[in-house]
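Asker: Before we start, here is the structure in question, set down as structure tokens.
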Amino acid sequence: MCYDSQALIEEAEGSGFSHAGVLNTAALIFMPEVREMCSVDRCRQYNRNWRCPPACGSIEDAAARASEYSFGIIVQTVGQMEDDFDIECIEETGKKHNENFASLVEKLKKRHPDMLPMGAGTCRLCEECTYPNSACRHPDKSISSMEAYGLWVSKVCEQSNVPYYYGKNSIAYTSCYLLK
Ligand code: SF4
């Protein structure tokens with residue numbers, strides 16, 4: 001592990017994430033199959049948000065962009081649900097994850113202005129996305145998810161030796177930061 005990765009992991013752990021680990025950049029395989037899952041539109045965001053497919057760009061573009069980065073970290077926020085229907089826990093854990101993720105993006109950008117953050121879930125900066133009628137309101141702040149880029153998140157975690165499953169009734173949100 002390089003010094004930068006270790007320092008970043010410590011910084012992430014101190015920023016409110018439950019877990020952080022080194023991202024294996026060889027695990028960044030951008031898969032058309034993941035895009036196909038997006039197109040089924042279970043999350044009701046496909047073709048509805050600038051940061052989701054198809055607007056967020058092609059698999060090929062994602063792979064080319066990611067290839068510019070030499071290292072990165074994975075960050076996770078884990079919640080413990082009372083049962084499978086504990087929507088409150090799911091929402092609270094997701095909110096906490098996204099707030100901590102955005103906050104660390106801002107901190108890291110000061111040292112790594114060219115970094116590439118990949119989040120969890122669609123961009124929710126605006127109450128209603130402007131897609132497709134007018135340009136994104138916050139192009140410098142809106143972030144696509146790992147899935148939107150075409151990554152199979154559990155495989156990326158597995159190949160990075162970072163757990164993905166934290167036990168019965170757990171919910172884990174996973175994101176990553178790519179750096180040069
Ligand atoms: S910042 Fe607003 S307009 Fe841009 S992708 Fe996010 S929700 Fe849509």
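Following the order of the structure tokens, chains are lettered A, B, ..., residues in each are numbered from 1, and ligands are numbered from 1.
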Determine which residues of region 23-169 of chain A receive a DSSP assignment of strand (DSSP E or B), computed from the backbone, and state them as a list in words.
Answerer: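 Residues of region 23-169 of chain A classed as strand (DSSP E or B): Phe71, Gly72, Ile73, Ile74, Val75, Gln76, Thr77, Val78, Gly79, Gln80, Leu116, Pro117, Met118, Gly119 and Ser145 of chain A.
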Asker: Find the nearest atom pair between each residue of chain A and ligand 1 for residues within 7 Å, count only C-alpha atoms and all ligand atoms, give distances in Å to one decimal, sort rows by chain and ascending number, and present the table as a Markdown table.
Answerer:
```
| residue | atom | partner | partner_atom_place_in_ligand_line | distance |
| --- | --- | --- | --- | --- |
| A:Asn49 | CA | ligand 1 | 8 (Fe) | 5.2 |
| A:Trp50 | CA | ligand 1 | 5 (S) | 4.3 |
| A:Arg51 | CA | ligand 1 | 5 (S) | 5.0 |
| A:Cys123 | CA | ligand 1 | 6 (Fe) | 4.5 |
| A:Arg124 | CA | ligand 1 | 7 (S) | 4.9 |
| A:Leu125 | CA | ligand 1 | 7 (S) | 4.8 |
| A:Cys126 | CA | ligand 1 | 2 (Fe) | 4.2 |
| A:Glu127 | CA | ligand 1 | 7 (S) | 6.8 |
| A:Glu128 | CA | ligand 1 | 7 (S) | 6.0 |
| A:Cys129 | CA | ligand 1 | 8 (Fe) | 3.6 |
| A:Thr130 | CA | ligand 1 | 3 (S) | 4.6 |
| A:Tyr131 | CA | ligand 1 | 8 (Fe) | 6.2 |
| A:Ala135 | CA | ligand 1 | 3 (S) | 6.8 |
| A:Cys136 | CA | ligand 1 | 4 (Fe) | 3.7 |
| A:Arg137 | CA | ligand 1 | 3 (S) | 4.6 |
| A:His138 | CA | ligand 1 | 1 (S) | 4.3 |
| A:Pro139 | CA | ligand 1 | 4 (Fe) | 6.0 |
| A:Lys141 | CA | ligand 1 | 1 (S) | 6.7 |
| A:Ser142 | CA | ligand 1 | 1 (S) | 4.8 |
```
Asker: Check the smallest atom-to-atom distance from each of A:Glu82, A:Pro163, A:Trp152, A:Ser170 to Ala27 (chain A) using only C-alpha atoms, then report the winner.
Answerer: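 Under the stated criterion, the closest residue is A:Trp152.
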Asker: Using only C-alpha atoms, which of the listed residues (A:Cys157, A:Ala172, A:Ala148, A:Cys52) sits closest to Thr25 (chain A)?
Answerer: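 Selected residue with least distance to Thr25 (chain A): A:Cys157.
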Asker: Rank A:Lys180, A:Lys168, A:Lys155, A:His112 by their smallest atom-to-atom distance to Ile29 (chain A), using only C-alpha atoms, and report the top residue only.
Answerer: A:Lys155
Asker: Residues at most 12 Å from Phe85 (chain A), counting only C-alpha atoms, excluding those fewer than 5 positions away in the same chain, as a list in words?
Answerer: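 Result of the neighbour search: Gln80, Ile90, Glu91, Asn169, Ser170 and Ile171 of chain A.
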Asker: Hey, what's within 7 Å of Gly21 (chain A) if we count only C-alpha atoms and toss same-chain stuff fewer than 6 positions away? As a VMD selection string, please?
Answerer: chain A and resid 9 73 to 75 162
Asker: Keeping all heavy atoms for every residue in the selection just given, could you write it to a file as a JSON list (two decimals), in the first residue's frame?
Answerer:
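What follows is the written file selection_24.json:
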```json
[["chain", "number", "residue", "atom", "x", "y", "z"],
["A", 9, "ILE", "N", -6.98, 6.50, 3.59],
["A", 9, "ILE", "CA", -7.87, 5.61, 4.34],
["A", 9, "ILE", "C", -8.09, 6.18, 5.74],
["A", 9, "ILE", "O", -9.21, 6.23, 6.24],
["A", 9, "ILE", "CB", -7.27, 4.19, 4.39],
["A", 9, "ILE", "CG1", -7.44, 3.54, 3.02],
["A", 9, "ILE", "CG2", -7.91, 3.33, 5.47],
["A", 9, "ILE", "CD1", -6.68, 2.27, 2.82],
["A", 73, "ILE", "N", -9.24, 4.86, -3.34],
["A", 73, "ILE", "CA", -9.76, 4.17, -2.14],
["A", 73, "ILE", "C", -11.26, 3.93, -2.29],
["A", 73, "ILE", "O", -11.95, 4.64, -3.02],
["A", 73, "ILE", "CB", -9.47, 4.94, -0.83],
["A", 73, "ILE", "CG1", -10.13, 6.33, -0.84],
["A", 73, "ILE", "CG2", -8.00, 5.04, -0.54],
["A", 73, "ILE", "CD1", -10.20, 6.96, 0.55],
["A", 74, "ILE", "N", -11.71, 2.91, -1.57],
["A", 74, "ILE", "CA", -13.14, 2.59, -1.48],
["A", 74, "ILE", "C", -13.61, 3.06, -0.10],
["A", 74, "ILE", "O", -12.89, 2.88, 0.89],
["A", 74, "ILE", "CB", -13.35, 1.07, -1.60],
["A", 74, "ILE", "CG1", -13.03, 0.61, -3.02],
["A", 74, "ILE", "CG2", -14.78, 0.68, -1.22],
["A", 74, "ILE", "CD1", -13.06, -0.91, -3.20],
["A", 75, "VAL", "N", -14.78, 3.67, -0.04],
["A", 75, "VAL", "CA", -15.34, 4.07, 1.26],
["A", 75, "VAL", "C", -16.74, 3.47, 1.39],
["A", 75, "VAL", "O", -17.47, 3.34, 0.41],
["A", 75, "VAL", "CB", -15.39, 5.61, 1.41],
["A", 75, "VAL", "CG1", -14.00, 6.19, 1.52],
["A", 75, "VAL", "CG2", -16.16, 6.27, 0.28],
["A", 162, "VAL", "N", -12.01, -5.82, 0.02],
["A", 162, "VAL", "CA", -12.84, -4.99, 0.90],
["A", 162, "VAL", "C", -14.18, -5.71, 1.03],
["A", 162, "VAL", "O", -14.77, -6.06, 0.01],
["A", 162, "VAL", "CB", -13.04, -3.58, 0.29],
["A", 162, "VAL", "CG1", -14.09, -2.79, 1.07],
["A", 162, "VAL", "CG2", -11.71, -2.82, 0.25]]
```
Asker: Enumerate, as a ChimeraX atom specification, the complete set of residues in chain A that a backbone-based DSSP assignment places in helix (DSSP H, G or I).
Answerer: /A:3-13,25-27,32-39,59-66,87-111,146-149,153-159
Asker: Can you list, as an MDAnalysis selection string, every protein, DNA or RNA residue that comes within 6 Å of region 65-72 of chain A when you count only C-alpha atoms, leaving out same-chain residues fewer than 4 positions away?
Answerer: chainID A and resid 23 177:180
Asker: Quick one, how far is CA of Val153 (chain A) from CA of Glu11 (chain A)?
Answerer: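 Going from CA of Val153 (chain A) over to CA of Glu11 (chain A) covers 22.0 Å.
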Asker: Determine, using only C-alpha atoms, which residues of region 60-170 of chain A have any atom at most 10 Å from an atom of region 30-37 of chain A, and tabulate each with its shortest atom pair and distance in Å to one decimal place, rows ordered by chain and then rising number, as a Markdown table.
Answerer:
```
| residue | atom | partner | partner_atom | distance |
| --- | --- | --- | --- | --- |
| A:Glu60 | CA | A:Phe30 | CA | 7.9 |
| A:Asp61 | CA | A:Phe30 | CA | 9.7 |
| A:Ala62 | CA | A:Phe30 | CA | 7.2 |
| A:Ala63 | CA | A:Phe30 | CA | 6.2 |
| A:Ala64 | CA | A:Phe30 | CA | 10.0 |
| A:Ala66 | CA | A:Phe30 | CA | 9.5 |
| A:Met146 | CA | A:Phe30 | CA | 9.5 |
| A:Glu147 | CA | A:Val34 | CA | 6.7 |
| A:Ala148 | CA | A:Arg35 | CA | 7.0 |
| A:Tyr149 | CA | A:Phe30 | CA | 6.8 |
| A:Gly150 | CA | A:Phe30 | CA | 4.6 |
| A:Leu151 | CA | A:Phe30 | CA | 5.1 |
| A:Trp152 | CA | A:Val34 | CA | 6.5 |
| A:Val153 | CA | A:Val34 | CA | 9.6 |
```
Asker: Store the residues picked out above, limited to all heavy atoms, as a short mmCIF file (atom, residue, chain, number, x, y, z; two decimals), in the first residue's frame.
Answerer:
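What ended up in result_10.cif:
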```
data_model
loop_
_atom_site.label_atom_id
_atom_site.label_comp_id
_atom_site.auth_asym_id
_atom_site.auth_seq_id
_atom_site.Cartn_x
_atom_site.Cartn_y
_atom_site.Cartn_z
N GLU A 60 -17.09 2.92 -22.76
CA GLU A 60 -15.74 3.15 -23.30
C GLU A 60 -15.16 4.45 -22.75
O GLU A 60 -13.98 4.50 -22.38
CB GLU A 60 -15.77 3.21 -24.84
CG GLU A 60 -16.10 1.90 -25.53
CD GLU A 60 -17.59 1.52 -25.47
OE1 GLU A 60 -18.43 2.41 -25.20
OE2 GLU A 60 -17.90 0.33 -25.65
N ASP A 61 -15.99 5.47 -22.67
CA ASP A 61 -15.53 6.75 -22.10
C ASP A 61 -15.13 6.56 -20.64
O ASP A 61 -14.12 7.10 -20.17
CB ASP A 61 -16.64 7.81 -22.14
CG ASP A 61 -16.94 8.26 -23.56
OD1 ASP A 61 -16.11 8.01 -24.44
OD2 ASP A 61 -18.02 8.85 -23.77
N ALA A 62 -15.94 5.79 -19.90
CA ALA A 62 -15.66 5.56 -18.48
C ALA A 62 -14.32 4.84 -18.32
O ALA A 62 -13.50 5.22 -17.48
CB ALA A 62 -16.78 4.73 -17.86
N ALA A 63 -14.10 3.81 -19.13
CA ALA A 63 -12.84 3.04 -19.03
C ALA A 63 -11.65 3.93 -19.38
O ALA A 63 -10.61 3.89 -18.70
CB ALA A 63 -12.90 1.83 -19.95
N ALA A 64 -11.80 4.75 -20.41
CA ALA A 64 -10.69 5.63 -20.82
C ALA A 64 -10.38 6.63 -19.72
O ALA A 64 -9.22 6.88 -19.38
CB ALA A 64 -11.06 6.35 -22.12
N ALA A 66 -11.05 6.38 -16.44
CA ALA A 66 -10.51 5.72 -15.24
C ALA A 66 -9.06 5.31 -15.44
O ALA A 66 -8.29 5.28 -14.47
CB ALA A 66 -11.36 4.50 -14.89
N MET A 146 -20.90 4.48 -9.01
CA MET A 146 -20.03 3.43 -9.55
C MET A 146 -20.82 2.59 -10.56
O MET A 146 -20.31 2.24 -11.62
CB MET A 146 -19.51 2.54 -8.41
CG MET A 146 -18.53 3.26 -7.48
SD MET A 146 -18.01 2.24 -6.08
CE MET A 146 -16.89 1.07 -6.85
N GLU A 147 -22.08 2.29 -10.23
CA GLU A 147 -22.90 1.48 -11.14
C GLU A 147 -23.15 2.23 -12.46
O GLU A 147 -23.12 1.63 -13.53
CB GLU A 147 -24.26 1.16 -10.51
CG GLU A 147 -24.19 0.18 -9.37
CD GLU A 147 -24.05 0.87 -8.02
OE1 GLU A 147 -23.69 2.07 -8.00
OE2 GLU A 147 -24.28 0.21 -7.00
N ALA A 148 -23.41 3.54 -12.36
CA ALA A 148 -23.67 4.31 -13.58
C ALA A 148 -22.47 4.27 -14.52
O ALA A 148 -22.62 4.26 -15.74
CB ALA A 148 -24.02 5.75 -13.22
N TYR A 149 -21.26 4.21 -13.94
CA TYR A 149 -20.07 4.10 -14.78
C TYR A 149 -19.97 2.72 -15.43
O TYR A 149 -19.22 2.53 -16.38
CB TYR A 149 -18.82 4.37 -13.96
CG TYR A 149 -18.50 5.84 -13.82
CD1 TYR A 149 -18.79 6.52 -12.64
CD2 TYR A 149 -17.92 6.56 -14.85
CE1 TYR A 149 -18.51 7.87 -12.50
CE2 TYR A 149 -17.63 7.90 -14.73
CZ TYR A 149 -17.93 8.55 -13.55
OH TYR A 149 -17.65 9.89 -13.44
N GLY A 150 -20.70 1.74 -14.86
CA GLY A 150 -20.64 0.38 -15.42
C GLY A 150 -19.86 -0.58 -14.55
O GLY A 150 -19.47 -1.66 -15.03
N LEU A 151 -19.65 -0.22 -13.29
CA LEU A 151 -18.90 -1.11 -12.39
C LEU A 151 -19.83 -2.03 -11.61
O LEU A 151 -20.89 -1.58 -11.14
CB LEU A 151 -18.08 -0.28 -11.40
CG LEU A 151 -16.95 0.54 -12.02
CD1 LEU A 151 -16.35 1.48 -10.99
CD2 LEU A 151 -15.87 -0.37 -12.60
N TRP A 152 -19.42 -3.27 -11.47
CA TRP A 152 -20.15 -4.23 -10.63
C TRP A 152 -19.55 -4.09 -9.24
O TRP A 152 -18.46 -4.60 -8.96
CB TRP A 152 -19.94 -5.64 -11.18
CG TRP A 152 -20.88 -6.64 -10.61
CD1 TRP A 152 -21.07 -6.94 -9.29
CD2 TRP A 152 -21.78 -7.48 -11.34
NE1 TRP A 152 -22.03 -7.91 -9.16
CE2 TRP A 152 -22.47 -8.26 -10.40
CE3 TRP A 152 -22.06 -7.65 -12.70
CZ2 TRP A 152 -23.43 -9.20 -10.77
CZ3 TRP A 152 -23.01 -8.58 -13.07
CH2 TRP A 152 -23.68 -9.34 -12.11
N VAL A 153 -20.24 -3.36 -8.37
CA VAL A 153 -19.62 -2.89 -7.13
C VAL A 153 -19.14 -4.04 -6.24
O VAL A 153 -18.04 -3.99 -5.69
CB VAL A 153 -20.58 -1.96 -6.37
CG1 VAL A 153 -19.96 -1.49 -5.06
CG2 VAL A 153 -20.93 -0.75 -7.23
#
```
Asker: If we count only C-alpha atoms, what is near Phe101 (chain A) at a cut-off of 9 Å, once residues fewer than 6 positions away on the same chain are taken out, given as a list of chain:residue names?
Answerer: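 The residues that qualify are A:Ala12, A:Ser15, A:Phe17, A:Val75, A:Pro117, A:Gly119, A:Ser175, A:Cys176.
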Asker: Please provide the set of residues having any atom within 8 Å of Cys89 (chain A), restricted to only C-alpha atoms, with same-chain residues fewer than 3 positions apart removed, written as a PyMOL selection string.
Answerer: chain A and resi 79-81+86+92-93
